[in-house]
Structures are given as C-alpha cells and as structure tokens.
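Participant: My structure is in structure-v2.cif, and what it holds is mmCIF, C-alpha atoms:
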data_model
#
loop_
_atom_site.group_PDB
_atom_site.id
_atom_site.type_symbol
_atom_site.label_atom_id
_atom_site.label_comp_id
_atom_site.auth_asym_id
_atom_site.auth_seq_id
_atom_site.Cartn_x
_atom_site.Cartn_y
_atom_site.Cartn_z
ATOM 1 C CA MET A 82 -80.056 3.494 -123.347
ATOM 2 C CA PRO A 83 -82.251 4.555 -120.371
ATOM 3 C CA LEU A 84 -83.405 8.118 -119.929
ATOM 4 C CA PRO A 85 -81.216 10.283 -117.658
ATOM 5 C CA GLU A 86 -82.498 11.185 -114.192
ATOM 6 C CA GLN A 87 -81.298 14.803 -114.576
ATOM 7 C CA ILE A 88 -82.162 16.773 -117.722
ATOM 8 C CA PRO A 89 -80.781 20.259 -118.507
ATOM 9 C CA VAL A 90 -83.691 22.422 -119.648
ATOM 10 C CA ARG A 91 -83.949 26.010 -120.878
ATOM 11 C CA TYR A 92 -87.093 28.086 -120.912
ATOM 12 C CA THR A 93 -88.361 31.539 -121.731
ATOM 13 C CA GLU A 94 -91.711 33.279 -121.900
ATOM 14 C CA GLU A 95 -93.632 32.858 -125.121
ATOM 15 C CA ASP A 96 -95.871 35.647 -126.418
ATOM 16 C CA ALA A 97 -98.703 34.756 -128.822
ATOM 17 C CA GLY A 98 -96.813 31.798 -130.227
ATOM 18 C CA PHE A 99 -93.508 33.625 -130.676
ATOM 19 C CA ILE A 100 -90.474 33.312 -128.456
ATOM 20 C CA SER A 101 -89.959 36.601 -126.643
ATOM 21 C CA VAL A 102 -86.704 38.497 -126.325
ATOM 22 C CA ARG A 103 -86.720 37.970 -122.576
ATOM 23 C CA PRO A 104 -83.778 36.130 -121.013
ATOM 24 C CA VAL A 105 -83.454 32.375 -121.352
ATOM 25 C CA VAL A 106 -83.294 30.584 -118.022
ATOM 26 C CA LYS A 107 -81.302 27.383 -117.598
ATOM 27 C CA GLN A 108 -82.457 24.784 -115.135
ATOM 28 C CA THR A 109 -82.125 21.091 -114.365
ATOM 29 C CA PHE A 110 -85.284 19.003 -114.216
ATOM 30 C CA ARG A 111 -85.560 15.629 -112.609
ATOM 31 C CA LEU A 112 -86.973 13.093 -115.032
ATOM 32 C CA HIS A 113 -90.300 12.787 -113.194
ATOM 33 C CA GLU A 114 -90.717 16.585 -113.261
ATOM 34 C CA LEU A 115 -90.244 16.723 -117.013
ATOM 35 C CA VAL A 116 -92.674 13.837 -117.505
ATOM 36 C CA ASP A 117 -95.215 15.584 -115.278
ATOM 37 C CA MET A 118 -95.040 18.769 -117.345
ATOM 38 C CA VAL A 119 -95.278 16.949 -120.670
ATOM 39 C CA VAL A 120 -98.266 14.886 -119.486
ATOM 40 C CA SER A 121 -99.997 18.130 -118.455
ATOM 41 C CA VAL A 122 -99.802 19.154 -122.124
ATOM 42 C CA ALA A 123 -100.165 15.815 -123.931
ATOM 43 C CA GLY A 124 -102.250 13.780 -121.501
ATOM 44 C CA LYS A 125 -101.511 10.163 -120.637
ATOM 45 C CA ASP A 126 -100.728 9.318 -124.242
ATOM 46 C CA ALA A 127 -97.490 7.391 -124.677
ATOM 47 C CA ALA A 128 -97.139 8.191 -128.386
ATOM 48 C CA ARG A 129 -97.560 11.953 -127.861
ATOM 49 C CA VAL A 130 -95.245 12.009 -124.837
ATOM 50 C CA GLN A 131 -92.626 10.065 -126.812
ATOM 51 C CA GLN A 132 -92.884 12.507 -129.713
ATOM 52 C CA ILE A 133 -92.453 15.537 -127.419
ATOM 53 C CA PHE A 134 -89.460 13.946 -125.704
ATOM 54 C CA ARG A 135 -87.883 13.357 -129.097
ATOM 55 C CA SER A 136 -88.696 16.840 -130.420
ATOM 56 C CA GLY A 137 -87.139 18.365 -127.298
ATOM 57 C CA THR A 138 -89.629 21.202 -126.831
ATOM 58 C CA VAL A 139 -93.017 21.957 -125.283
ATOM 59 C CA VAL A 140 -95.091 25.042 -124.464
ATOM 60 C CA TYR A 141 -96.557 24.986 -120.953
ATOM 61 C CA ASN A 142 -98.490 27.786 -119.237
ATOM 62 C CA GLY A 143 -96.977 30.597 -121.287
ATOM 63 C CA TYR A 144 -93.400 29.306 -121.279
ATOM 64 C CA ARG A 145 -91.495 27.443 -123.968
ATOM 65 C CA TYR A 146 -89.176 24.743 -122.632
ATOM 66 C CA TRP A 147 -86.547 22.933 -124.654
ATOM 67 C CA TRP A 148 -83.886 20.299 -124.068
ATOM 68 C CA ASP A 149 -81.641 17.958 -126.049
ATOM 69 C CA ALA A 150 -83.763 15.339 -127.815
ATOM 70 C CA LEU A 151 -84.542 12.283 -125.672
ATOM 71 C CA PRO A 152 -84.976 9.252 -127.959
ATOM 72 C CA ALA A 153 -86.935 7.180 -125.454
ATOM 73 C CA GLU A 154 -88.433 3.834 -126.418
ATOM 74 C CA ARG A 155 -92.215 3.399 -126.265
ATOM 75 C CA GLU A 156 -91.957 0.794 -123.490
ATOM 76 C CA GLU A 157 -89.920 3.142 -121.296
ATOM 77 C CA ILE A 158 -92.454 5.940 -121.771
ATOM 78 C CA GLU A 159 -95.300 3.600 -120.859
ATOM 79 C CA GLN A 160 -93.552 2.685 -117.621
ATOM 80 C CA LEU A 161 -93.102 6.365 -116.756
ATOM 81 C CA LEU A 162 -96.829 6.978 -117.280
ATOM 82 C CA ILE A 163 -98.044 4.215 -114.946
ATOM 83 C CA PRO A 164 -98.301 6.467 -111.814
ATOM 84 C CA PHE A 165 -100.492 9.030 -113.584
ATOM 85 C CA PRO A 166 -104.272 8.892 -113.018
ATOM 86 C CA GLU A 167 -106.636 7.331 -115.534
ATOM 87 C CA ASP A 168 -110.083 8.483 -116.607
ATOM 88 C CA ASP A 169 -112.649 7.104 -114.165
ATOM 89 C CA PRO A 170 -116.293 7.409 -115.291
ATOM 90 C CA SER A 171 -117.400 5.612 -112.115
ATOM 91 C CA ARG A 172 -116.525 8.613 -109.968
ATOM 92 C CA PRO A 173 -119.533 10.375 -108.422
ATOM 93 C CA PHE A 174 -120.362 13.925 -109.391
ATOM 94 C CA GLU A 175 -119.899 16.118 -106.302
ATOM 95 C CA PRO A 176 -120.298 19.758 -107.391
ATOM 96 C CA GLU A 177 -119.634 21.037 -103.882
ATOM 97 C CA LYS A 178 -116.015 19.832 -104.292
ATOM 98 C CA ALA A 179 -115.436 21.693 -107.553
ATOM 99 C CA THR A 180 -112.837 24.447 -107.666
ATOM 100 C CA ALA A 181 -113.924 25.990 -110.978
ATOM 101 C CA VAL A 182 -116.538 25.830 -113.705
ATOM 102 C CA LEU A 183 -116.124 26.220 -117.445
ATOM 103 C CA LEU A 184 -118.984 27.986 -119.209
ATOM 104 C CA GLU A 185 -119.252 26.849 -122.821
ATOM 105 C CA ILE A 186 -120.857 29.674 -124.784
ATOM 106 C CA GLY A 187 -121.953 29.449 -128.402
ATOM 107 C CA GLY A 188 -120.953 26.673 -130.763
ATOM 108 C CA GLY A 189 -118.858 25.823 -133.793
ATOM 109 C CA ALA A 190 -116.365 28.510 -134.775
ATOM 110 C CA GLN A 191 -118.075 30.911 -132.358
ATOM 111 C CA ARG A 192 -117.628 28.632 -129.333
ATOM 112 C CA THR A 193 -115.843 30.195 -126.368
ATOM 113 C CA VAL A 194 -115.066 28.834 -122.924
ATOM 114 C CA VAL A 195 -115.096 31.106 -119.883
ATOM 115 C CA GLU A 196 -113.534 29.820 -116.677
ATOM 116 C CA ILE A 197 -114.920 30.928 -113.320
ATOM 117 C CA SER A 198 -113.073 29.867 -110.184
ATOM 118 C CA ARG A 199 -114.749 29.162 -106.885
ATOM 119 C CA HIS A 200 -112.544 31.837 -105.336
ATOM 120 C CA ASP A 201 -113.808 34.494 -107.769
ATOM 121 C CA ALA A 202 -117.468 33.478 -107.536
ATOM 122 C CA ALA A 203 -117.629 33.002 -103.742
ATOM 123 C CA PRO A 204 -118.056 36.669 -102.614
ATOM 124 C CA LYS A 205 -121.592 37.697 -101.656
ATOM 125 C CA LYS A 206 -123.401 40.986 -101.911
ATOM 126 C CA LEU A 207 -123.875 42.839 -98.637
ATOM 127 C CA PHE A 208 -126.446 41.002 -96.478
ATOM 128 C CA ALA A 209 -126.995 38.388 -99.215
ATOM 129 C CA LYS A 210 -127.460 34.727 -98.275
ATOM 130 C CA HIS A 211 -126.055 33.254 -101.467
ATOM 131 C CA SER A 212 -123.038 33.867 -103.680
ATOM 132 C CA PRO A 213 -122.831 33.166 -107.424
ATOM 133 C CA TRP A 214 -120.908 30.005 -106.534
ATOM 134 C CA ASP A 215 -123.778 28.903 -104.301
ATOM 135 C CA VAL A 216 -126.116 29.431 -107.256
ATOM 136 C CA LEU A 217 -123.945 27.239 -109.486
ATOM 137 C CA THR A 218 -123.572 24.380 -107.021
ATOM 138 C CA ALA A 219 -127.255 24.446 -106.054
ATOM 139 C CA PHE A 220 -128.197 24.279 -109.727
ATOM 140 C CA ALA A 221 -125.827 21.355 -110.359
ATOM 141 C CA SER A 222 -126.994 19.392 -107.335
ATOM 142 C CA GLY A 223 -130.233 18.524 -109.075
ATOM 143 C CA LYS A 224 -128.682 17.626 -112.416
ATOM 144 C CA THR A 225 -127.083 14.562 -113.973
ATOM 145 C CA ALA A 226 -123.609 15.407 -115.226
ATOM 146 C CA ARG A 227 -121.737 13.481 -117.920
ATOM 147 C CA TYR A 228 -118.232 12.408 -116.990
ATOM 148 C CA GLU A 229 -115.801 13.848 -119.552
ATOM 149 C CA LYS A 230 -112.266 12.881 -118.581
ATOM 150 C CA TYR A 231 -109.431 13.345 -116.127
ATOM 151 C CA ALA A 232 -107.672 16.595 -117.079
ATOM 152 C CA HIS A 233 -103.990 16.161 -116.264
ATOM 153 C CA ALA A 234 -103.244 19.874 -116.592
ATOM 154 C CA ARG A 235 -105.868 20.603 -113.920
ATOM 155 C CA ARG A 236 -105.307 17.507 -111.744
ATOM 156 C CA ALA A 237 -109.065 17.130 -111.837
ATOM 157 C CA ASP A 238 -112.003 15.191 -113.232
ATOM 158 C CA LEU A 239 -114.388 17.084 -115.525
ATOM 159 C CA PHE A 240 -118.171 16.710 -115.366
ATOM 160 C CA ARG A 241 -120.307 18.360 -118.053
ATOM 161 C CA ILE A 242 -123.944 19.470 -117.905
ATOM 162 C CA SER A 243 -125.589 20.438 -121.189
ATOM 163 C CA LEU A 244 -128.109 23.252 -120.874
ATOM 164 C CA PRO A 245 -131.102 24.122 -123.038
ATOM 165 C CA PHE A 246 -131.709 27.848 -123.286
ATOM 166 C CA ASP A 247 -134.705 27.738 -120.923
ATOM 167 C CA GLN A 248 -132.321 26.554 -118.178
ATOM 168 C CA ALA A 249 -129.217 28.494 -119.209
ATOM 169 C CA GLN A 250 -130.843 31.917 -119.235
ATOM 170 C CA PRO A 251 -132.312 31.673 -115.681
ATOM 171 C CA LEU A 252 -129.004 30.263 -114.382
ATOM 172 C CA LEU A 253 -127.003 33.192 -115.760
ATOM 173 C CA ALA A 254 -129.622 35.653 -114.485
ATOM 174 C CA ALA A 255 -129.429 34.139 -110.990
ATOM 175 C CA MET A 256 -125.623 34.310 -111.026
ATOM 176 C CA LEU A 257 -125.705 37.967 -112.042
ATOM 177 C CA ALA A 258 -128.353 38.769 -109.442
ATOM 178 C CA ALA A 259 -126.190 37.228 -106.711
ATOM 179 C CA ALA A 260 -122.939 38.832 -107.860
ATOM 180 C CA PRO A 261 -121.392 41.842 -106.108
ATOM 181 C CA ARG A 262 -121.165 44.974 -108.244
ATOM 182 C CA LYS A 263 -117.601 44.484 -109.536
ATOM 183 C CA LEU A 264 -118.195 40.842 -110.391
ATOM 184 C CA LYS A 265 -121.518 41.629 -112.070
ATOM 185 C CA HIS A 266 -119.781 44.251 -114.204
ATOM 186 C CA ARG A 267 -117.081 41.748 -115.184
ATOM 187 C CA TRP A 268 -119.720 39.217 -116.244
ATOM 188 C CA SER A 269 -121.934 41.737 -118.014
ATOM 189 C CA THR A 270 -120.993 40.461 -121.493
ATOM 190 C CA LEU A 271 -121.625 36.790 -120.724
ATOM 191 C CA ARG A 272 -124.303 34.984 -122.701
ATOM 192 C CA PRO A 273 -126.303 31.962 -121.483
ATOM 193 C CA PRO A 274 -124.009 28.921 -121.623
ATOM 194 C CA ALA A 275 -124.745 25.866 -123.747
ATOM 195 C CA ALA A 276 -122.962 23.727 -121.161
ATOM 196 C CA VAL A 277 -121.292 24.010 -117.768
ATOM 197 C CA THR A 278 -118.318 21.818 -116.883
ATOM 198 C CA PHE A 279 -117.378 21.369 -113.232
ATOM 199 C CA VAL A 280 -113.681 20.933 -112.421
ATOM 200 C CA CYS A 281 -113.408 18.521 -109.487
ATOM 201 C CA PRO A 282 -109.873 17.858 -108.185
ATOM 202 C CA ARG A 283 -109.199 14.223 -107.462
ATOM 203 C CA GLU A 284 -108.412 13.670 -103.802
ATOM 204 C CA SER A 285 -106.323 10.554 -104.339
ATOM 205 C CA GLY A 286 -103.873 9.453 -106.998
ATOM 206 C CA GLN A 287 -102.501 12.951 -107.540
ATOM 207 C CA ARG A 288 -98.889 13.212 -108.591
ATOM 208 C CA PRO A 289 -96.646 15.270 -106.282
ATOM 209 C CA PHE A 290 -94.240 16.429 -108.942
ATOM 210 C CA ALA A 291 -93.773 19.786 -110.681
ATOM 211 C CA SER A 292 -95.948 22.637 -109.456
ATOM 212 C CA GLN A 293 -98.800 23.641 -111.746
ATOM 213 C CA GLY A 294 -98.642 26.901 -113.632
ATOM 214 C CA GLU A 295 -95.072 27.890 -112.792
ATOM 215 C CA PRO A 296 -91.600 26.866 -113.882
ATOM 216 C CA VAL A 297 -90.104 24.312 -111.533
ATOM 217 C CA PRO A 298 -88.060 26.097 -108.815
ATOM 218 C CA SER A 299 -84.384 26.224 -109.706
ATOM 219 C CA ASP A 300 -83.039 25.234 -106.280
ATOM 220 C CA ARG A 301 -81.550 21.971 -107.501
#
Please re-express this file's structure in structure tokens.
Facilitator:
Amino acid sequence: MPLPEQIPVRYTEEDAGFISVRPVVKQTFRLHELVDMVVSVAGKDAARVQQIFRSGTVVYNGYRYWWDALPAEREEIEQLLIPFPEDDPSRPFEPEKATAVLLEIGGGAQRTVVEISRHDAAPKKLFAKHSPWDVLTAFASGKTARYEKYAHARRADLFRISLPFDQAQPLLAAMLAAAPRKLKHRWSTLRPPAAVTFVCPRESGQRPFASQGEPVPSDR
C-alpha cells in the first residue's frame, strides 16, 4: 500500500529530552515535507528513514513530532530519497561562500563544538578594516580543507581544516583582536580550536520543502 500524500502530525516542544506540558499542535504534512524533516535528522539513509517512518516519531530542532506508524517498504523510501543531494567530494572549497564555521575544541569526552555564523562574526570594530569573519576566511583561503559530507540539516557541504596549536592559537588571537567589545566578551572563554569546519550551502540541488528550524506552517 503506497504512502499517503497527506499525513496528520502532532508536535510539541521538547525540553532536555522530555516532552513538555505545553500544548500539542495538530497539523497536516504533505509527504515530501515529512520526508524532508526526517532526512534532516537521519540523513539520506533509507534504512534509518524507514525505521523513523515506522516508529512514528522524530525530534527536530527542539520539537517532537509524531504520527501514526507508516509501514513503508524499503523500495518506496529509496524512491522518495532520490531528489535529495548526495555527498560530493569533488566540490571546490570556497570559504568566502560559507555561512558559518564550527570550531572543534578539545578532544575525546572533552570535545565541544562552537558554531559561529557569518552574521555574528561580520561586525567590525570602529575604524577597523577587518572583521573576525574576514580573519577566518583569509586564514582558510591559504589552506587545504578536507571534504566531510553534505549535511542535510544545514543544506550545506562541510569542509574541515585540522589545526596544530601553533596555527590555532594565532587564529583565535586574531579573531579576538578583530572582534568588537561585545563579541570579544562573548568569545572570551574560547580555547584554540583543534579544527575548523566551514559550512558552505550548496547553490544547486537544494530541496524546496519544509522550512529549516521551524514547524511547517499550518496553512494547509
């Protein structure tokens, strides 16, 4: 039996892994919207998408969604995933097109990832020529980045640059030196990163389905 084109879905905010007592919202998703959301969580992995469809629940951007179980066959799931982008290691690294960077600090159990958006890092100090974002992109322009993957949740390709301490410490110092006072204060606890990953949105092959980061509008 084929999957329905309209799927009744309920959702509510989830706090620290527990369903909150806030109201449950009912909404109807189109099939491609539900697939889009599930792929953002599971990636382009037919087995994982099939399992989530059958379990009837997923957590996405702070909300828990659930629906009646959809016992889809593997072949049907694979057909639904065809339009979604694939990893593409042949893509060039263009740091000037990045919209965010991920600073990987520490390692093992102590590893943390700090995200810095281009919007946040673009302000300059008064009369300054360069912003912290300029520092990051100038640094990356002379480096070879390793292609990581296409991140479906971000609609972007990820490029990673590993940093020895003798490069990481000057990079962080230059970012702090270029940062306006409020931004410098916010970054005051940062430590030199072991790696920097650039988030580069893909200009083609993007899927125009559910909006990222928000429940799908309920104007069905």
Participant: Report, in Å with one decimal, the straight-line distance from CA of Val106 (chain A) to CA of Arg129 (chain A).
Facilitator: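 CA of Val106 (chain A) sits 25.4 Å away from CA of Arg129 (chain A).
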Participant: Taking all atoms listed in the file into account, name the residue in A:Gly143, A:Pro261, A:Pro213, A:Gly187 that is nearest to Arg199 (chain A).
Facilitator: A:Pro213
Participant: If we count all atoms listed in the file, what is near Ala232 (chain A) at a cut-off of 10 Å, once residues fewer than 5 positions away on the same chain are taken out, given as a VMD selection string?
Facilitator: chain A and resid 120 to 122 124 to 125 166 to 168 237 to 239 280 to 282
Participant: Find the residues around Trp148 (chain A) up to 7 Å (all atoms listed in the file counted), leave out those fewer than 3 positions away in its own chain, and share them as a compact mmCIF listing (two decimals) with C-alpha atoms, in the frame of the given file.
Facilitator:
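Generated file (selection_16.txt):
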# COMPACT_ATOMS: atom_id res chain seq x y z
CA PRO A 89 -80.78 20.26 -118.51
CA VAL A 90 -83.69 22.42 -119.65
CA ARG A 91 -83.95 26.01 -120.88
CA GLY A 137 -87.14 18.36 -127.30
CA THR A 138 -89.63 21.20 -126.83
Participant: Residues picked by the PyMOL selection byres ((chain A and resi 268) around 12) here, as a PyMOL selection string?
Facilitator: chain A and resi 184+195-197+201-202+213+253-254+256-267+269-273
Participant: Rank A:Pro173, A:Pro104, A:Pro83, A:Pro251 by their smallest atom-to-atom distance to Glu156 (chain A), using only C-alpha atoms, and report the top residue only.
Facilitator: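 Closest residue, counting only C-alpha atoms: A:Pro83.
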Participant: Report the residues retrieved by the PyMOL selection byres ((chain A and resi 220) around 12) from the displayed file, expressed as a PyMOL selection string.
Facilitator: chain A and resi 176-177+213-219+221-226+242+244+248-249+251-253+255-256+277+279
